[in-house]
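J.: My structure file data_7.cif, mmCIF, C-alpha atoms, is below:
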data_structure
loop_
_atom_site.label_atom_id
_atom_site.label_comp_id
_atom_site.auth_asym_id
_atom_site.auth_seq_id
_atom_site.Cartn_x
_atom_site.Cartn_y
_atom_site.Cartn_z
CA MET A 1 -5.17 33.71 -4.58
CA THR A 2 -6.26 34.51 -8.11
CA ILE A 3 -6.82 32.22 -11.06
CA ASN A 4 -4.48 33.59 -13.70
CA LYS A 5 -4.81 30.97 -16.40
CA PRO A 6 -7.29 28.26 -17.41
CA ALA A 7 -6.69 25.05 -15.48
CA LYS A 8 -8.29 21.63 -15.28
CA CYS A 9 -8.19 18.62 -13.02
CA GLY A 10 -9.93 15.25 -12.72
CA THR A 11 -11.28 12.76 -15.23
CA LEU A 12 -14.56 11.68 -16.74
CA GLU A 13 -14.33 8.26 -15.11
CA SER A 14 -16.96 6.96 -12.74
CA ASN A 15 -16.69 8.39 -9.19
CA ASP A 16 -14.63 11.33 -10.45
CA ILE A 17 -15.34 14.91 -11.45
CA PHE A 18 -13.65 16.88 -14.21
CA VAL A 19 -13.32 20.55 -13.38
CA MET A 20 -12.14 23.41 -15.56
CA LEU A 21 -11.40 26.84 -14.12
CA THR A 22 -11.28 30.01 -16.20
CA PRO A 23 -10.21 33.42 -14.90
CA SER A 24 -13.14 35.72 -14.25
CA GLU A 25 -13.85 39.03 -12.56
CA ASN A 26 -17.53 38.40 -11.91
CA GLY A 27 -17.38 36.40 -8.69
CA ILE A 28 -17.72 32.63 -8.51
CA SER A 29 -19.99 31.08 -11.10
CA ILE A 30 -20.46 27.34 -11.50
CA GLU A 31 -21.75 25.44 -14.51
CA LEU A 32 -22.43 21.86 -13.48
CA GLU A 33 -23.30 18.73 -15.41
CA SER A 34 -23.83 15.75 -13.18
CA VAL A 35 -25.24 12.26 -13.39
CA VAL A 36 -26.86 12.97 -10.03
CA GLU A 37 -27.70 16.62 -10.63
CA LYS A 38 -31.37 16.37 -9.60
CA GLN A 39 -30.56 14.95 -6.20
CA PHE A 40 -27.12 16.39 -5.43
CA GLY A 41 -26.61 19.34 -7.80
CA ASN A 42 -26.95 21.99 -5.11
CA HIS A 43 -24.73 20.07 -2.72
CA ILE A 44 -21.97 19.65 -5.31
CA LYS A 45 -22.05 23.37 -6.09
CA MET A 46 -21.88 24.16 -2.40
CA VAL A 47 -18.81 21.91 -1.94
CA ILE A 48 -17.11 23.55 -4.93
CA GLU A 49 -17.83 27.04 -3.69
CA GLU A 50 -16.71 26.31 -0.12
CA LYS A 51 -13.45 24.79 -1.31
CA LEU A 52 -12.76 27.78 -3.56
CA LYS A 53 -13.43 30.19 -0.70
CA ASP A 54 -11.23 28.13 1.66
CA MET A 55 -8.45 28.62 -0.85
CA GLY A 56 -9.09 32.36 -1.09
CA ILE A 57 -10.63 32.32 -4.55
CA THR A 58 -13.45 34.82 -4.88
CA SER A 59 -13.77 35.09 -8.64
CA VAL A 60 -13.64 32.26 -11.18
CA LEU A 61 -15.77 30.46 -13.74
CA VAL A 62 -16.04 26.76 -12.92
CA LYS A 63 -17.20 24.22 -15.48
CA ALA A 64 -17.66 20.82 -13.85
CA GLN A 65 -18.66 17.45 -15.26
CA ASP A 66 -19.48 15.12 -12.41
CA LYS A 67 -19.58 11.34 -12.65
CA GLY A 68 -20.73 10.62 -9.13
CA ALA A 69 -17.79 12.01 -7.16
CA LEU A 70 -17.89 12.05 -3.36
CA ASP A 71 -17.12 15.29 -1.54
CA TYR A 72 -13.48 14.36 -0.93
CA THR A 73 -12.92 13.95 -4.66
CA ILE A 74 -14.69 17.23 -5.51
CA LYS A 75 -12.50 19.08 -2.99
CA ALA A 76 -9.34 17.37 -4.30
CA ARG A 77 -10.07 18.18 -7.93
CA ILE A 78 -10.89 21.82 -7.15
CA GLU A 79 -7.68 22.14 -5.14
CA GLY A 80 -5.71 20.55 -7.96
CA ALA A 81 -7.16 22.89 -10.55
CA VAL A 82 -6.70 25.99 -8.37
CA LYS A 83 -3.03 25.16 -7.77
CA ARG A 84 -2.53 24.66 -11.48
CA GLY A 85 -4.30 27.89 -12.37
CA CYS A 86 -2.60 30.23 -9.92
CA MET B 1 2.30 -9.27 14.67
CA LYS B 2 0.66 -7.71 11.62
CA LEU B 3 -0.96 -9.89 9.03
CA ARG B 4 0.23 -9.08 5.50
CA ARG B 5 -0.92 -12.02 3.39
CA THR B 6 -1.96 -9.62 0.65
CA MET B 7 -0.88 -6.09 -0.16
CA LEU B 8 -3.04 -4.67 -2.92
CA PHE B 9 -1.85 -1.89 -5.20
CA MET B 10 -4.39 0.88 -5.91
CA PRO B 11 -3.83 3.74 -8.38
CA GLY B 12 -3.44 6.91 -6.33
CA ASN B 13 -5.38 9.05 -8.76
CA ASN B 14 -8.48 6.86 -8.94
CA PRO B 15 -11.24 8.07 -6.58
CA GLY B 16 -13.37 4.94 -7.03
CA MET B 17 -10.54 2.69 -5.91
CA LEU B 18 -9.48 4.92 -3.02
CA GLN B 19 -12.98 5.07 -1.58
CA THR B 20 -13.49 1.29 -1.74
CA ALA B 21 -9.93 0.31 -0.81
CA ASP B 22 -10.81 -1.62 2.34
CA THR B 23 -13.76 -3.50 0.88
CA PHE B 24 -11.77 -6.07 -1.10
CA GLY B 25 -10.44 -7.89 1.94
CA ALA B 26 -6.71 -7.32 1.39
CA ASP B 27 -4.69 -7.12 4.60
CA SER B 28 -2.90 -4.04 3.25
CA VAL B 29 -3.61 -1.56 0.49
CA ILE B 30 -0.92 0.47 -1.26
CA PHE B 31 -1.96 3.83 -2.69
CA ASP B 32 0.38 4.19 -5.60
CA LEU B 33 1.83 7.54 -6.62
CA GLU B 34 4.47 5.96 -8.84
CA ASP B 35 3.79 3.68 -11.82
CA ALA B 36 0.00 3.94 -11.72
CA VAL B 37 0.00 7.73 -12.02
CA ALA B 38 0.83 9.63 -15.22
CA LEU B 39 3.71 12.10 -14.99
CA THR B 40 1.31 14.99 -15.56
CA GLU B 41 -1.03 13.89 -12.75
CA LYS B 42 1.38 13.44 -9.83
CA ASP B 43 0.13 16.66 -8.19
CA ALA B 44 -3.53 15.66 -8.56
CA ALA B 45 -2.86 12.18 -7.14
CA ARG B 46 -1.11 13.60 -4.08
CA ILE B 47 -4.06 15.90 -3.37
CA LEU B 48 -6.59 13.10 -3.93
CA VAL B 49 -4.73 10.69 -1.63
CA THR B 50 -4.48 13.46 0.97
CA GLU B 51 -8.23 14.10 0.88
CA ALA B 52 -8.97 10.37 0.96
CA MET B 53 -6.73 9.83 3.98
CA ARG B 54 -8.42 12.73 5.79
CA THR B 55 -11.91 11.55 4.95
CA MET B 56 -12.02 7.75 4.83
CA ASN B 57 -11.84 5.30 7.65
CA TYR B 58 -10.03 2.21 6.40
CA GLY B 59 -10.58 0.27 9.59
CA GLU B 60 -8.11 -2.52 10.25
CA THR B 61 -6.69 -2.46 6.72
CA GLU B 62 -3.08 -1.33 6.65
CA VAL B 63 -2.72 1.75 4.44
CA VAL B 64 0.60 2.22 2.69
CA ILE B 65 1.56 4.99 0.25
CA ARG B 66 4.09 4.27 -2.46
CA ILE B 67 6.05 7.40 -3.23
CA ASN B 68 8.07 7.98 -6.39
CA PRO B 69 11.72 6.85 -6.45
CA LEU B 70 14.20 9.21 -4.85
CA SER B 71 15.91 9.58 -8.22
CA SER B 72 12.75 11.20 -9.63
CA PRO B 73 11.82 14.88 -9.33
CA PHE B 74 8.61 13.95 -7.47
CA ALA B 75 9.99 12.10 -4.47
CA MET B 76 10.76 14.95 -2.10
CA THR B 77 7.31 16.51 -2.48
CA ASP B 78 5.75 13.04 -2.10
CA ILE B 79 7.61 12.50 1.17
CA ASP B 80 6.79 15.96 2.46
CA LYS B 81 3.07 15.69 1.70
CA MET B 82 2.46 12.00 2.41
CA ALA B 83 4.47 11.50 5.60
CA ARG B 84 2.43 14.25 7.29
CA LEU B 85 -0.68 12.12 6.74
CA LYS B 86 1.00 9.41 8.79
CA PRO B 87 -0.15 6.40 6.82
CA ASP B 88 0.66 3.00 8.33
CA ALA B 89 3.79 3.04 6.17
CA ILE B 90 5.54 4.85 3.36
CA LEU B 91 6.67 2.47 0.61
CA LEU B 92 10.11 3.38 -0.70
CA PRO B 93 10.60 2.10 -4.27
CA LYS B 94 13.98 0.96 -5.58
CA ALA B 95 15.14 0.83 -1.98
CA THR B 96 18.83 1.00 -1.15
CA PRO B 97 20.67 1.81 2.09
CA GLU B 98 21.62 5.21 0.65
CA ASP B 99 18.02 6.15 -0.21
CA MET B 100 16.83 4.87 3.14
CA GLU B 101 19.30 7.24 4.79
CA ILE B 102 17.83 10.20 2.88
CA LEU B 103 14.27 9.13 3.65
CA LYS B 104 15.11 8.69 7.30
CA LYS B 105 16.39 12.26 7.57
CA GLU B 106 13.29 13.63 5.86
CA LEU B 107 11.01 11.65 8.15
CA GLU B 108 12.89 12.84 11.24
CA ARG B 109 12.43 16.44 10.08
CA ILE B 110 8.71 15.96 9.41
CA GLU B 111 8.16 14.21 12.74
CA LYS B 112 9.72 17.20 14.50
CA GLU B 113 7.67 19.71 12.52
CA GLU B 114 4.42 17.82 13.08
CA GLY B 115 5.10 16.96 16.70
CA PHE B 116 4.94 13.22 15.97
CA GLU B 117 6.81 10.87 18.23
CA SER B 118 10.26 10.13 16.78
CA GLY B 119 10.45 7.00 14.64
CA THR B 120 6.70 6.52 14.35
CA ILE B 121 6.42 7.05 10.60
CA LYS B 122 7.04 3.50 9.39
CA VAL B 123 8.54 2.39 6.10
CA HIS B 124 8.30 -0.62 3.80
CA ALA B 125 11.20 -1.12 1.40
CA LEU B 126 10.51 -2.18 -2.17
CA VAL B 127 13.56 -4.05 -3.41
CA GLU B 128 13.60 -4.15 -7.19
CA THR B 129 17.14 -3.66 -8.42
CA ALA B 130 20.18 -5.92 -8.42
CA TYR B 131 21.93 -3.46 -6.10
CA GLY B 132 18.87 -3.34 -3.87
CA VAL B 133 18.88 -7.13 -3.56
CA GLU B 134 22.58 -7.27 -2.76
CA THR B 135 22.23 -4.60 -0.07
CA VAL B 136 18.84 -5.59 1.36
CA TYR B 137 20.30 -6.56 4.74
CA GLU B 138 21.99 -3.16 5.11
CA THR B 139 18.80 -1.40 4.02
CA ILE B 140 16.76 -3.09 6.74
CA LYS B 141 19.52 -2.67 9.28
CA SER B 142 19.74 1.07 8.55
CA SER B 143 16.45 1.88 10.27
CA ASN B 144 14.05 0.34 12.72
CA ARG B 145 11.27 2.12 10.85
CA ILE B 146 11.26 -0.70 8.32
CA GLN B 147 8.42 -3.16 8.85
CA ALA B 148 8.53 -5.17 5.66
CA VAL B 149 10.51 -5.71 2.50
CA LEU B 150 8.60 -6.16 -0.73
CA LEU B 151 10.18 -7.78 -3.75
CA GLY B 152 9.49 -6.16 -7.13
CA GLY B 153 10.17 -8.84 -9.73
CA GLU B 154 9.32 -6.90 -12.86
CA ASP B 155 11.81 -4.07 -12.39
CA LEU B 156 14.38 -6.51 -11.02
CA ALA B 157 14.16 -8.71 -14.10
CA ALA B 158 14.63 -5.63 -16.26
CA ASP B 159 17.65 -4.59 -14.20
CA LEU B 160 19.09 -8.10 -14.50
CA ALA B 161 18.38 -8.00 -18.24
CA VAL B 162 16.55 -11.33 -18.04
CA LYS B 163 13.14 -12.38 -19.25
CA ARG B 164 10.42 -12.38 -16.63
CA THR B 165 8.81 -15.82 -16.72
CA LYS B 166 5.76 -17.35 -15.11
CA ASP B 167 7.70 -19.84 -13.02
CA SER B 168 9.93 -17.03 -11.70
CA GLU B 169 13.11 -19.13 -11.74
CA GLU B 170 15.01 -15.94 -12.58
CA LEU B 171 13.99 -14.55 -9.15
CA PHE B 172 15.11 -17.52 -7.08
CA TYR B 173 18.30 -15.89 -5.81
CA ALA B 174 16.58 -12.59 -5.03
CA ARG B 175 13.70 -14.31 -3.28
CA THR B 176 15.93 -16.34 -1.00
CA LYS B 177 18.25 -13.43 -0.33
CA VAL B 178 15.35 -11.12 0.63
CA VAL B 179 13.69 -13.77 2.80
CA ASN B 180 16.89 -14.54 4.64
CA ALA B 181 17.64 -10.88 5.37
CA CYS B 182 14.06 -10.32 6.53
CA LYS B 183 14.06 -13.34 8.82
CA ALA B 184 17.43 -12.36 10.25
CA LEU B 185 16.16 -8.88 11.12
CA LYS B 186 12.59 -9.88 12.00
CA VAL B 187 10.66 -7.97 9.35
CA ASP B 188 8.05 -9.29 6.92
CA ALA B 189 9.06 -10.52 3.47
CA ILE B 190 6.41 -9.90 0.83
CA ASP B 191 6.68 -11.55 -2.56
CA THR B 192 6.46 -9.96 -6.01
CA PRO B 193 3.04 -9.81 -7.73
CA PHE B 194 1.90 -12.43 -10.22
CA THR B 195 1.06 -10.36 -13.24
CA ASP B 196 -1.33 -12.64 -15.17
CA THR B 197 -4.54 -11.64 -13.42
CA ASN B 198 -6.59 -14.33 -15.20
CA ASP B 199 -4.38 -17.30 -14.28
CA TYR B 200 -5.52 -18.35 -10.82
CA GLU B 201 -3.76 -21.71 -10.91
CA GLY B 202 -0.51 -20.01 -11.82
CA LEU B 203 -1.07 -17.49 -9.03
CA ALA B 204 -1.70 -20.25 -6.48
CA GLY B 205 1.41 -22.15 -7.60
CA ASP B 206 3.58 -19.04 -7.50
CA SER B 207 2.24 -18.15 -4.05
CA ARG B 208 2.91 -21.65 -2.71
CA LYS B 209 6.46 -21.55 -4.04
CA ALA B 210 7.12 -18.20 -2.34
CA LYS B 211 5.52 -19.34 0.90
CA MET B 212 7.75 -22.40 0.86
CA LEU B 213 10.79 -20.09 0.63
CA GLY B 214 9.63 -18.12 3.68
CA PHE B 215 7.58 -15.20 2.40
CA SER B 216 4.70 -14.15 4.62
CA GLY B 217 2.55 -12.60 1.92
CA LYS B 218 2.30 -11.45 -1.67
CA LEU B 219 1.69 -8.25 -3.55
CA ALA B 220 -1.55 -8.17 -5.53
CA ILE B 221 -2.30 -6.02 -8.54
CA ASN B 222 -5.98 -6.92 -8.84
CA PRO B 223 -8.62 -7.49 -6.15
CA ARG B 224 -9.50 -10.78 -7.88
CA GLN B 225 -6.14 -12.19 -6.75
CA ILE B 226 -6.83 -11.76 -3.04
CA ASP B 227 -8.82 -14.92 -2.29
CA THR B 228 -6.32 -17.18 -4.03
CA ILE B 229 -3.37 -15.68 -2.16
CA HIS B 230 -5.21 -15.78 1.16
CA GLU B 231 -5.97 -19.43 0.66
CA VAL B 232 -2.28 -20.17 0.27
CA TYR B 233 -1.11 -17.96 3.14
CA SER B 234 -3.79 -18.98 5.63
CA PRO B 235 -3.21 -22.07 7.76
CA THR B 236 -5.23 -25.13 6.73
CA LYS B 237 -7.59 -26.91 9.11
CA GLN B 238 -5.06 -29.71 9.39
CA GLU B 239 -2.23 -27.29 10.25
CA ILE B 240 -4.40 -25.63 12.90
CA ASN B 241 -5.40 -28.98 14.43
CA ASN B 242 -1.79 -30.08 14.46
CA ALA B 243 -0.72 -26.83 16.13
CA LEU B 244 -3.43 -27.25 18.77
CA ARG B 245 -2.26 -30.81 19.46
CA VAL B 246 1.36 -29.65 19.78
CA MET B 247 0.34 -26.99 22.30
CA ALA B 248 -1.81 -29.46 24.24
CA ALA B 249 1.04 -31.99 24.34
CA LYS B 250 3.42 -29.23 25.47
CA GLU B 251 1.11 -28.31 28.34
CA GLU B 252 0.84 -31.95 29.34
CA ALA B 253 4.63 -32.38 29.23
CA GLU B 254 5.13 -29.27 31.36
CA LYS B 255 2.74 -30.67 33.98
CA GLU B 256 4.76 -33.83 34.05
CA GLY B 257 7.99 -31.86 34.26
CA LEU B 258 9.29 -33.08 30.91
CA GLY B 259 11.60 -30.81 28.93
CA VAL B 260 11.36 -32.78 25.72
CA PHE B 261 8.32 -34.69 24.56
CA SER B 262 7.03 -36.48 21.50
CA LEU B 263 3.83 -36.40 19.50
CA ASP B 264 2.83 -39.21 17.10
CA GLY B 265 6.22 -40.77 17.68
CA LYS B 266 8.15 -37.63 16.67
CA MET B 267 10.16 -35.45 19.01
CA VAL B 268 8.71 -31.96 19.53
CA ASP B 269 11.32 -29.27 20.05
CA LEU B 270 11.32 -25.47 20.24
CA PRO B 271 11.13 -24.72 16.48
CA ILE B 272 8.05 -26.93 16.20
CA ILE B 273 6.45 -25.24 19.19
CA ASN B 274 7.26 -21.80 17.78
CA ARG B 275 5.75 -22.76 14.44
CA ALA B 276 2.61 -24.00 16.21
CA ILE B 277 2.34 -20.72 18.12
CA GLN B 278 2.74 -18.75 14.90
CA THR B 279 0.12 -20.86 13.11
CA LEU B 280 -2.35 -20.31 15.93
CA GLU B 281 -1.62 -16.57 16.03
CA ILE B 282 -2.40 -16.26 12.31
CA ALA B 283 -5.48 -18.49 12.67
CA GLU B 284 -6.71 -16.31 15.51
CA MET B 285 -6.16 -13.10 13.54
CA ILE B 286 -8.19 -14.29 10.59
CA GLY B 287 -10.89 -15.83 12.74
CA LEU B 288 -10.18 -19.49 12.06
CA LEU B 289 -10.10 -20.51 15.71
CA ASP B 290 -13.35 -21.49 17.41
#
Produce structure tokens that represent the structure in this file.

T.:
Amino acid sequence: MTINKPAKCGTLESNDIFVMLTPSENGISIELESVVEKQFGNHIKMVIEEKLKDMGITSVLVKAQDKGALDYTIKARIEGAVKRGC
Amino acid sequence: MKLRRTMLFMPGNNPGMLQTADTFGADSVIFDLEDAVALTEKDAARILVTEAMRTMNYGETEVVIRINPLSSPFAMTDIDKMARLKPDAILLPKATPEDMEILKKELERIEKEEGFESGTIKVHALVETAYGVETVYETIKSSNRIQAVLLGGEDLAADLAVKRTKDSEELFYARTKVVNACKALKVDAIDTPFTDTNDYEGLAGDSRKAKMLGFSGKLAINPRQIDTIHEVYSPTKQEINNALRVMAAKEEAEKEGLGVFSLDGKMVDLPIINRAIQTLEIAEMIGLLD
């Protein structure tokens, strides 16, 4: 699957994550802002990357604003954005 | 017997609510894909509910998913995605016998595809139109998947073109009709929500009125309503004591070979015994028996 157009999913409410995907040809890059970045930043990026790879996405720019989302929410919002962007 | 004193609506696209759904103490939670989700977010809500159902353990809390009405463009995808998760029940809005027939066929197909045992995806019917009220018996009769009928007073009042009032007099006919059909076909009747979330006295009064008519529980739209509804739909200490005395007197009468017996000067017959059994079953389920 390829991201053909910019797509977003999620909200800026507590416990959620707002993700925006932009087409890219330079592999997966992730820009993350998170209220828990110090403690969980690497983990959140890992969850995002794994979900993208599970869905067959190998190249995309991800901008994510996290408000304390659990893994299930991160996966759901990435899946939502990917489906909207393909 | 499943306890459904409260069924709490939760917006299907709200991660915070989905991950804490079972912590509020409601007997059932309803993940809503319909009214609580914006038209542009139906896809995101479906995915979020799917991930939540795969990840969370909701324990003993009944998990129900309200799909969009069959007349909407979202319903078929809702059914296809949500039924495969096998929640405790799918909630069919604006339920009619005709829509139940369509849903039934879809569920049969999904059960085959997923290898689920036939008839194991259960359904609750949300009755909220004049036609739905008039045909509620046929709706329930159309499938043994149906576990409960929920009354939706707001949409019904709109369909009847009447004002929705706090004392709910405008729903009297619908309430009694739904209760009677449910009792006749042995499914739960769940009353419409009380929409003023700050009026606890009003909520208690409305709950008592519905309980008196035969409802076994009430929809809730805010976790703060749960305690008040539970108080109404849980047996009181006096009711439990009375039920225990009826059962003790029954045992005594059986020992003595008596078919009919009296307690406190009043004859005790089968309906009273059945009510005592039911009271004790509910008391047991919510931990009120020593």

J.: Spell out the residues picked by the PyMOL selection byres ((chain A and resi 84) around 9) here, as a PDB file with C-alpha atoms, in the coordinates of the input.

T.:
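Produced file result_9.pdb, reproduced below:
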ATOM      1  CA  ILE A   3      -6.820  32.220 -11.060  1.00  0.00           C
ATOM      2  CA  LYS A   5      -4.810  30.970 -16.400  1.00  0.00           C
ATOM      3  CA  PRO A   6      -7.290  28.260 -17.410  1.00  0.00           C
ATOM      4  CA  ALA A   7      -6.690  25.050 -15.480  1.00  0.00           C
ATOM      5  CA  LYS A   8      -8.290  21.630 -15.280  1.00  0.00           C
ATOM      6  CA  CYS A   9      -8.190  18.620 -13.020  1.00  0.00           C
ATOM      7  CA  GLU A  79      -7.680  22.140  -5.140  1.00  0.00           C
ATOM      8  CA  GLY A  80      -5.710  20.550  -7.960  1.00  0.00           C
ATOM      9  CA  ALA A  81      -7.160  22.890 -10.550  1.00  0.00           C
ATOM     10  CA  VAL A  82      -6.700  25.990  -8.370  1.00  0.00           C
ATOM     11  CA  LYS A  83      -3.030  25.160  -7.770  1.00  0.00           C
ATOM     12  CA  GLY A  85      -4.300  27.890 -12.370  1.00  0.00           C
ATOM     13  CA  CYS A  86      -2.600  30.230  -9.920  1.00  0.00           C
TER      14      CYS A  86
END

J.: Name the residues captured by the PyMOL selection byres ((chain B) within 7 of (chain A)) when it is applied to the shown file; answer as an NGL selection string.

T.: :B and (15-16 or 44 or 47-48 or 51-52 or 55)

J.: Once the PyMOL selection byres ((chain B and resi 234) around 9) has been evaluated on this model, what residues remain selected, and can you format them as number ranges by chain?

T.: B: 5, 229-233, 235-236, 279, 282-283, 286

J.: At what distance in Å, to one decimal, does CA of Leu150 in chain B lie from CA of His124 in chain B?

T.: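 Computed distance, CA of His124 in chain B to CA of Leu150 in chain B, equals 7.2 Å.
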
J.: Which residues come within 9 Å of range 196-205 of chain B, counting only C-alpha atoms, excluding same-chain residues fewer than 4 positions away, as a list of chain:residue names?

T.: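 That gives B:Lys166, B:Asp167, B:Lys209, B:Ala210, B:Ile221, B:Asn222, B:Arg224, B:Gln225, B:Thr228, B:Ile229, B:Glu231, B:Val232.
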
J.: How far is it from CA of Ile30 in chain A to CA of Val62 in chain A, in Å with one decimal?

T.: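 Going from CA of Ile30 in chain A over to CA of Val62 in chain A, I get 4.7 Å.
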
J.: May I have the residues within 12 Å of Ala184 in chain B as a PDB file with C-alpha atoms, in the frame of the given file, using only C-alpha atoms and disregarding those fewer than 2 positions away in the same chain?

T.:
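The result, stored in part.pdb:
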ATOM      1  CA  VAL B 136      18.840  -5.590   1.360  1.00  0.00           C
ATOM      2  CA  TYR B 137      20.300  -6.560   4.740  1.00  0.00           C
ATOM      3  CA  GLU B 138      21.990  -3.160   5.110  1.00  0.00           C
ATOM      4  CA  ILE B 140      16.760  -3.090   6.740  1.00  0.00           C
ATOM      5  CA  LYS B 141      19.520  -2.670   9.280  1.00  0.00           C
ATOM      6  CA  LYS B 177      18.250 -13.430  -0.330  1.00  0.00           C
ATOM      7  CA  VAL B 178      15.350 -11.120   0.630  1.00  0.00           C
ATOM      8  CA  VAL B 179      13.690 -13.770   2.800  1.00  0.00           C
ATOM      9  CA  ASN B 180      16.890 -14.540   4.640  1.00  0.00           C
ATOM     10  CA  ALA B 181      17.640 -10.880   5.370  1.00  0.00           C
ATOM     11  CA  CYS B 182      14.060 -10.320   6.530  1.00  0.00           C
ATOM     12  CA  LYS B 186      12.590  -9.880  12.000  1.00  0.00           C
ATOM     13  CA  VAL B 187      10.660  -7.970   9.350  1.00  0.00           C
ATOM     14  CA  ASP B 188       8.050  -9.290   6.920  1.00  0.00           C
ATOM     15  CA  ALA B 189       9.060 -10.520   3.470  1.00  0.00           C
ATOM     16  CA  GLY B 214       9.630 -18.120   3.680  1.00  0.00           C
TER      17      GLY B 214
END

J.: To one decimal place in Å, what is the distance between CA of Ser72 in chain B and CA of Arg109 in chain B?

T.: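 It comes out at 20.4 Å.
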
J.: Compile the contact shell of Ala243 in chain B as a list of chain:residue names: residues with an atom at most 9 Å away, counting all atoms listed in the file, same-chain residues fewer than 6 positions apart removed.

T.: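 Residues meeting the cut-off are B:Ile272, B:Ile273, B:Arg275, B:Ala276, B:Ile277, B:Gln278, B:Thr279, B:Leu280.
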
J.: Taking 5 positions as the minimum chain separation for residues in the same chain, which residues sit within 8 Å of range 21-32 of chain B when counting only C-alpha atoms? Answer as a VMD selection string.

T.: chain B and resid 3 to 12 37 49 58 to 59 61 to 67 223 226

J.: Could you please take those selected residues and save C-alpha atoms as a short mmCIF file (atom, residue, chain, number, x, y, z; two decimals), keeping the file's coordinate frame?

T.:
data_model
loop_
_atom_site.label_atom_id
_atom_site.label_comp_id
_atom_site.auth_asym_id
_atom_site.auth_seq_id
_atom_site.Cartn_x
_atom_site.Cartn_y
_atom_site.Cartn_z
CA LEU B 3 -0.96 -9.89 9.03
CA ARG B 4 0.23 -9.08 5.50
CA ARG B 5 -0.92 -12.02 3.39
CA THR B 6 -1.96 -9.62 0.65
CA MET B 7 -0.88 -6.09 -0.16
CA LEU B 8 -3.04 -4.67 -2.92
CA PHE B 9 -1.85 -1.89 -5.20
CA MET B 10 -4.39 0.88 -5.91
CA PRO B 11 -3.83 3.74 -8.38
CA GLY B 12 -3.44 6.91 -6.33
CA VAL B 37 0.00 7.73 -12.02
CA VAL B 49 -4.73 10.69 -1.63
CA TYR B 58 -10.03 2.21 6.40
CA GLY B 59 -10.58 0.27 9.59
CA THR B 61 -6.69 -2.46 6.72
CA GLU B 62 -3.08 -1.33 6.65
CA VAL B 63 -2.72 1.75 4.44
CA VAL B 64 0.60 2.22 2.69
CA ILE B 65 1.56 4.99 0.25
CA ARG B 66 4.09 4.27 -2.46
CA ILE B 67 6.05 7.40 -3.23
CA PRO B 223 -8.62 -7.49 -6.15
CA ILE B 226 -6.83 -11.76 -3.04
#

J.: Could you give me, as a ChimeraX atom specification, the residues that have an atom at most 7 Å away from the point (-9.0, 36.9, -11.6) in the coordinates of the file, using only C-alpha atoms?

T.: /A:2-4,23-25,59-60

J.: Between B:Met76, B:Ala95, B:Met285, B:Ala249, which has the minimum distance to Asp269 in chain B (counting all atoms listed in the file)?

T.: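 Smallest distance to Asp269 in chain B is found for B:Ala249.
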
J.: The residues within 7 Å of (-17.1, 35.9, -5.2), using all atoms listed in the file and the coordinates of the file, should be reported as a PyMOL selection string; which are they?

T.: chain A and resi 27-28+58-59

J.: Just checking: using only C-alpha atoms, which residue out of B:Glu170, B:Leu39, B:Leu288, B:Ser142 ends up closest to Gln238 in chain B?

T.: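 Checking each of B:Glu170, B:Leu39, B:Leu288, B:Ser142 against Gln238 in chain B, counting only C-alpha atoms, the winner is B:Leu288.
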
J.: Restricting the calculation to only C-alpha atoms: of B:Glu108, B:Leu185, B:Met267, B:Asp88, which residue gets closest to Glu60 in chain B?

T.: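 Using only C-alpha atoms, Glu60 in chain B sits closest to B:Asp88.
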
J.: Using only C-alpha atoms, find the one residue out of A:Leu61, A:Val19, A:Leu32, A:Met1 that sits nearest to Lys45 in chain A.

T.: A:Leu32

J.: Neighbouring residues of Asp264 in chain B were defined as those with any atom within 12 Å, considering only C-alpha atoms; residues of the same chain fewer than 4 positions away were excluded. Please report them as a list in words.

T.: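 Here the answer would be Asn242, Arg245, Val246, Ala249 and Val268 of chain B.
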